[in-house]
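Q: Structure provided below as structure tokens; questions to follow.
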Amino acid sequence: MDSAARLQRWELWTLVALLLIGTALRLVALGDVPPGPGYDELQNVCLSERVLAGEWAIYFPENFGQESLYPTLAALAVRLLGWSVSVLRLPGALGGASSVLVLYLAGRRLAGWRAALLAAAFQAVSFWPLIETRMALEMALLPPLAGLAMLFLARGLDEQARPRWRVLLDFALTGLFLGGHVYAYTAGRVMPLLPLALLAYLLLLDRRTLRRRWPGVLLLCLVTLLVVAPLALFLHAHPEAEQRLDQLSGPLRALGRGDFRPVLEITAGTLGMFTLRGEPQWLYNIAGRPIFDPLTSLFFYAGLVLCVARLRDWRCGVTLLWLLVGLGPGLVSPPPASFNHTLAAQPAVYLVLALGVDAARKWLAHRRAWAGPLMVALLLTLNVVLSCRAYFVTWAGAPEVRELYQGGITAVAHELDRLDAHDPPGPVAVGAPYVNYWHPWNALGFDLALRREDLSVRWFNPGGGWVWPAGAGPVTFYFPTDPLGPQTFDPALEGLFAADATPLLTSGDNFTAFRVARPAALEERLDALAGTPVAWPPELAHLPPPALPLVFDDRFALLGAELQEGTVLPGGELRLITYWEVLTADPTPVVAFVHITSDGQDLWGQRDWFDVRPAGLQPGDRLVQVHPVLVKPETLPGLYHVQLGLYGPDTLLRLPIATGAEGVADRVWVGEVVVVE
């Protein structure tokens with residue numbers, strides 16, 4: 001075997017090793033680090049459910065506007081492998097692993113095989129690519145798309161003689177992947193500008209390449225425009241679907257008014273993220289950790305200097321263009337140093353780093369043959385150790401991450417998975433803040449983490465509601481703990497619960513657990529409220545007088561209502577507590593409305609909310625809801641009625657109340673309050 005063949009074989013096996021390492025780092029404990037699904041990840045769960053139900057959208061207006069590519073890929077993964085946190089994160093993880101390969105292929109054309117292997121190596125093991133590809137988030141698709149576009153652009157511009165149709169195909173594929181950025185993540189919308197930047201660069205510094213490849217460059221511009229057009233036309237026709245850009249464009253609006261400071265501050269922060277201070281949020285970084293350690297950053301800046309010095313070489317020009325255009329969104333949109341907003345530049349960042357490392361290797365190798373490889377080995381080892389420790393130990397173990405990625409909720413699910421099928425012997429209820437119709441994230445995250453299917457879990461937010469499940473055995477209550485901002489407990493409901501609750505020993509500090517054998521305090525309270533007077537509004541006075549329990553659409557029975565205040569000031573708060581029994585297991589969402597009214601029509605205060613999740617409720621379950629209602633400041637002194645009803649937030653249709661006669665009622669008066677001066 002000659003030396004060229006041995007070199008090729010060594011290169012191939014090195015690449016295979018890098019791909020295995022990069023893939024392993026992205027797949028190991030994928031469902032456990034981060035500890036649970038983050039709230040943005042759960043938005044993709046909801047969108048993937050809609051895709052699986054047959055809704056194919058070019059753009060989703062939910063979550064302030066979201067591109068459709070990742071939810072579609074996640075839906076495909078779920079269809080093949082089933083629902084789980086790791087499956088939902090799989091498209092991002094595989095995209096991250098593939099970005100190692102495509103960066104090598106692109107780098108081989110732009111910088112040679114040694115620099116390509118170095119770039120792939122740093123892409124495989126560095127902290128920034130690692131953390132951004134282990135979440136079910138759409139921005140994880142930007143690096144592989146950018147790498148593919150870099151690859152085909154380098155092939156198209158290459159001077160190697162090839163059939164004309166193959167050259168044009170490379171430019172067309174470049175346009176396809178450049179345009180594809182806009183369907184992946186909002187920050188990717190800047191990448192279709194790269195053909196214009198390329199055209200300007202060739203006109204100014206490399207007209208020889210432009211004369212040789214101008215048909216391909218024009219085709220690149222045309223294909224990019226055609227790929228972007230459907231989304232552009234959709235957003236033009238539906239401007240209300242686009243909210244995210246409005247949130248991020250504040251510095252640009254200030255610039256338009258002549259105020260340069262916001263853009264300059266963000267630009268300085270983003271340019272400093274390589275060495276000084278990185279992404280400020282724990283959500284996507286160890287807050288403030290820069291992309292490179294001080295030593296590695298020196299090689300990055302050395303590579304940057306080399307690219308600038310060789311700017312007339314289109315290979316260096318393309319690399320710098322990619323870096324600058326990819327960084328563009330991070331230079332003008334908050335927060336400064338955003339890892340997400342600059343992800344399209346990631347392949348170029350590591351290629352520039354590789355150029356600096358390779359130049360240093362050559363310089364050392366001329367002096368000592370062993371010094372160059374040793375330097376590369378030590379630098380890569382340093383990055384592997386720092387990255388793995390930073391991600392799997394420091395970041396994954398941080399209290400901020402446990403909170404942001406629902407560590408407590410996931411711990412409860414794992415605790416229930418470990419228990420025997422007959423333990424706990426009775427129903428399970430979980431109290432957490434995000435379980436209602438508008439914010440169901442805790443319940444959704446729990447459903448993804450729980451593997452057993454023999455439990456019907458009841459959900460409530462103890463800050464305003466409580467559930468006492470029916471059943472033959474005792475009830476076990478779990479309350480996930482929040483290390484930074486403990487969830488609130490309504491004192492009236494917590495006192496009612498604590499009278500019968502026995503604390504249980506738990507396996508850690510991620511949650512607390514209690515056992516209730518019999519809700520005696522609740523039963524006593526219901527007995528005391530059995531005679532609560534209720535009345536119809538004037539327009540329903542022809543119906544037979546109402547009496548508790550009142551049945552709402554055969555789903556809920558109102559057992560009692562307790563008004564905490566008899567008098568209230570204008571602008572003050574009124575607290576109503578209602579008690580209910582579940583009649584039918586129906587997961588359809590429901591919300592309670594409470595009105596302060598003088599005649600049943602005018603409203604002097606309103607509260608629409610429900611802190612109990614209907615999904616999981618069983619017949620016989622009893623629940624309590626606290627309704628804090630703010631009285632309008634302009635309310636005149638006098639006697640007012642407290643009006644109550646239920647409606648479906650998805651349909652806005654009120655639930656009818658059984659009246660015992662012909663006629664329909666959809667609300668009832670459950671008390672009176674005097675507004676005083």
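For the structure tokens, the naming scheme is as follows: chains receive sequential letters (A, B, ...) according to their order of presentation, residues are indexed from 1 within each chain, and ligands are indexed from 1 in presentation order.
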Can you list every residue in region 516-617 of chain A that DSSP puts in strand (DSSP E or B), as a VMD selection string?
A: chain A and resid 516 535 550 to 552 556 to 563 567 to 568 573 to 582 591 to 597 605 to 609 612 to 613
Q: Could you take the residues named above and write them with C-alpha atoms, as a CSV table (one decimal), in the first residue's frame?
A:
chain,number,residue,atom,x,y,z
A,516,VAL,CA,-54.4,11.4,52.5
A,535,ALA,CA,-80.4,32.3,42.6
A,550,LEU,CA,-76.3,22.3,40.5
A,551,VAL,CA,-75.3,20.1,37.5
A,552,PHE,CA,-73.4,21.7,34.6
A,556,PHE,CA,-69.6,18.9,37.1
A,557,ALA,CA,-71.9,19.4,40.1
A,558,LEU,CA,-71.5,22.6,42.1
A,559,LEU,CA,-71.5,21.5,45.7
A,560,GLY,CA,-71.0,24.8,47.4
A,561,ALA,CA,-69.8,28.4,47.1
A,562,GLU,CA,-68.1,30.4,49.8
A,563,LEU,CA,-67.7,34.2,49.6
A,567,THR,CA,-67.8,44.2,51.5
A,568,VAL,CA,-65.2,45.4,49.2
A,573,GLU,CA,-60.3,42.1,45.4
A,574,LEU,CA,-63.1,39.7,46.1
A,575,ARG,CA,-62.4,36.0,46.8
A,576,LEU,CA,-64.9,33.4,45.9
A,577,ILE,CA,-64.2,29.7,46.6
A,578,THR,CA,-66.3,27.1,44.8
A,579,TYR,CA,-66.6,23.4,45.5
A,580,TRP,CA,-67.3,20.8,42.8
A,581,GLU,CA,-67.8,17.1,42.1
A,582,VAL,CA,-66.8,15.5,38.8
A,591,VAL,CA,-62.9,27.4,32.5
A,592,ALA,CA,-64.9,29.0,35.2
A,593,PHE,CA,-66.1,32.6,34.9
A,594,VAL,CA,-67.0,34.8,37.8
A,595,HIS,CA,-68.7,38.2,37.3
A,596,ILE,CA,-69.5,41.1,39.6
A,597,THR,CA,-72.8,42.4,38.4
A,605,GLY,CA,-65.4,42.7,37.8
A,606,GLN,CA,-64.5,39.5,36.0
A,607,ARG,CA,-62.2,36.5,36.4
A,608,ASP,CA,-62.0,33.6,33.9
A,609,TRP,CA,-59.7,30.8,35.1
A,612,VAL,CA,-57.6,22.1,37.7
A,613,ARG,CA,-56.9,20.1,34.5
Q: Residues of region 234-291 of chain A that have any atom at most 12 Å from an atom of region 175-185 of chain A: could you tabulate them with the shortest-distance atom pair and the distance in Å to one decimal, using only C-alpha atoms, ordered by chain and increasing number, as JSON lines?
A:
{"residue": "A:Leu235", "atom": "CA", "partner": "A:Val182", "partner_atom": "CA", "distance": 11.8}
{"residue": "A:Arg244", "atom": "CA", "partner": "A:Tyr185", "partner_atom": "CA", "distance": 10.8}
{"residue": "A:Leu245", "atom": "CA", "partner": "A:Tyr185", "partner_atom": "CA", "distance": 11.5}
Q: Take the residues from that selection and write them out as a PDB file, in the first residue's frame, keeping C-alpha atoms.
A:
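Done, and the output landed in out_35.pdb:
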ATOM      1  CA  LEU A 235     -46.331  36.113   6.040  1.00  0.00           C
ATOM      2  CA  ARG A 244     -41.277  37.190  17.046  1.00  0.00           C
ATOM      3  CA  LEU A 245     -39.592  39.739  14.788  1.00  0.00           C
TER       4      LEU A 245
END
Q: Would you mind writing down, as a PyMOL selection string, each residue of region 511-594 of chain A that DSSP on the backbone assigns to helix (DSSP H, G or I)?
A: chain A and resi 520-528+538-540
Q: Nearest to Asp358 (chain A) among A:Ile21, A:Val16, A:Leu118, A:Leu583, with distances taken over only C-alpha atoms: which residue is it?
A: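 Distance minimum relative to Asp358 (chain A) lands on A:Leu118.
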Q: So that I can check the surroundings of region 344-356 of chain A, please list as a PyMOL selection string every protein, DNA and RNA residue that reaches within 7 Å of it, counting only C-alpha atoms and ignoring chain neighbours fewer than 2 positions away.
A: chain A and resi 103+107+115+118-119+122-123+142-143+146-147+188+299-300+302-304+319+322-323+326-327+342+358-360
Q: Would you put the residues from that selection into a file with C-alpha atoms, as a PDB file, in the first residue's frame?
A:
ATOM      1  CA  LEU A 103     -18.586  20.465   7.846  1.00  0.00           C
ATOM      2  CA  GLY A 107     -14.036  22.170   4.860  1.00  0.00           C
ATOM      3  CA  ALA A 115      -8.257  21.633   8.455  1.00  0.00           C
ATOM      4  CA  LEU A 118      -9.892  19.623  12.695  1.00  0.00           C
ATOM      5  CA  ALA A 119     -13.081  21.597  12.077  1.00  0.00           C
ATOM      6  CA  PHE A 122     -14.108  20.706  17.232  1.00  0.00           C
ATOM      7  CA  GLN A 123     -17.695  20.654  15.938  1.00  0.00           C
ATOM      8  CA  LEU A 142     -29.360  25.551  11.239  1.00  0.00           C
ATOM      9  CA  PRO A 143     -25.807  24.095  11.458  1.00  0.00           C
ATOM     10  CA  ALA A 146     -25.494  25.821   6.756  1.00  0.00           C
ATOM     11  CA  GLY A 147     -22.923  23.061   6.329  1.00  0.00           C
ATOM     12  CA  GLY A 188     -32.046  31.732   9.512  1.00  0.00           C
ATOM     13  CA  PHE A 299      -6.291  29.902  17.436  1.00  0.00           C
ATOM     14  CA  PHE A 300      -9.685  31.198  16.335  1.00  0.00           C
ATOM     15  CA  ALA A 302      -5.274  33.440  14.220  1.00  0.00           C
ATOM     16  CA  GLY A 303      -7.539  31.718  11.705  1.00  0.00           C
ATOM     17  CA  LEU A 304      -9.531  34.926  11.324  1.00  0.00           C
ATOM     18  CA  THR A 319     -15.707  31.384   4.799  1.00  0.00           C
ATOM     19  CA  TRP A 322     -20.559  32.841   5.934  1.00  0.00           C
ATOM     20  CA  LEU A 323     -19.247  33.927   9.298  1.00  0.00           C
ATOM     21  CA  GLY A 326     -24.485  34.000  10.005  1.00  0.00           C
ATOM     22  CA  LEU A 327     -23.583  36.351  12.857  1.00  0.00           C
ATOM     23  CA  THR A 342     -25.856  33.057  15.526  1.00  0.00           C
ATOM     24  CA  ASP A 358      -3.641  23.920  11.301  1.00  0.00           C
ATOM     25  CA  ALA A 359      -1.375  26.932  10.734  1.00  0.00           C
ATOM     26  CA  ALA A 360       0.070  26.518  14.234  1.00  0.00           C
TER      27      ALA A 360
END
Q: Counting only C-alpha atoms, which of A:Phe497, A:Phe479, A:Trp282, A:Trp536 gets nearest to Asn510 (chain A)?
A: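 Closest candidate: A:Phe479.
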Q: With only C-alpha atoms as the counted atoms, please give the residues lying no more than 7 Å from Gly463 (chain A), apart from itself and same-chain residues fewer than 6 positions off, as a PyMOL selection string.
A: chain A and resi 488-490
Q: Save the residues we just selected, N, CA and C atoms, as a short mmCIF file (atom, residue, chain, number, x, y, z; two decimals), in the first residue's frame?
A:
data_model
loop_
_atom_site.label_atom_id
_atom_site.label_comp_id
_atom_site.auth_asym_id
_atom_site.auth_seq_id
_atom_site.Cartn_x
_atom_site.Cartn_y
_atom_site.Cartn_z
N THR A 488 -46.54 28.62 44.57
CA THR A 488 -47.38 29.15 45.62
C THR A 488 -48.47 28.14 46.00
N PHE A 489 -48.92 28.24 47.23
CA PHE A 489 -50.03 27.43 47.74
C PHE A 489 -51.05 28.40 48.33
N ASP A 490 -52.27 28.32 47.84
CA ASP A 490 -53.31 29.15 48.44
C ASP A 490 -53.47 28.75 49.90
#
Q: Select from region 302-388 of chain A every residue with an atom at most 8 Å from any atom of region 200-207 of chain A, then for each give the shortest pair of atoms and their distance in Å to one decimal, using only C-alpha atoms, rows by chain and rising number, as JSON lines.
A:
{"residue": "A:Arg312", "atom": "CA", "partner": "A:Leu205", "partner_atom": "CA", "distance": 5.7}
{"residue": "A:Asp313", "atom": "CA", "partner": "A:Asp206", "partner_atom": "CA", "distance": 7.7}
{"residue": "A:Trp314", "atom": "CA", "partner": "A:Asp206", "partner_atom": "CA", "distance": 7.0}
{"residue": "A:Gly317", "atom": "CA", "partner": "A:Tyr201", "partner_atom": "CA", "distance": 7.6}
Q: Quick one: everything within 9 Å of Ala287 (chain A), counting only C-alpha atoms, minus sequence neighbours fewer than 5 positions away in the same chain. Send it as a ChimeraX atom specification.
A: /A:277-282
Q: Have a look at A:Gln643, A:Arg208, A:Pro262, A:Arg108 and name the one nearest to Leu331 (chain A); count only C-alpha atoms.
A: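 Of A:Gln643, A:Arg208, A:Pro262, A:Arg108, the one nearest Leu331 (chain A), counting only C-alpha atoms, is A:Pro262.
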Q: Between CA of Gly397 (chain A) and CA of Ala337 (chain A), what is the distance, to one decimal in Å?
A: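 Atom-to-atom, CA of Gly397 (chain A) to CA of Ala337 (chain A), that is 22.9 Å.
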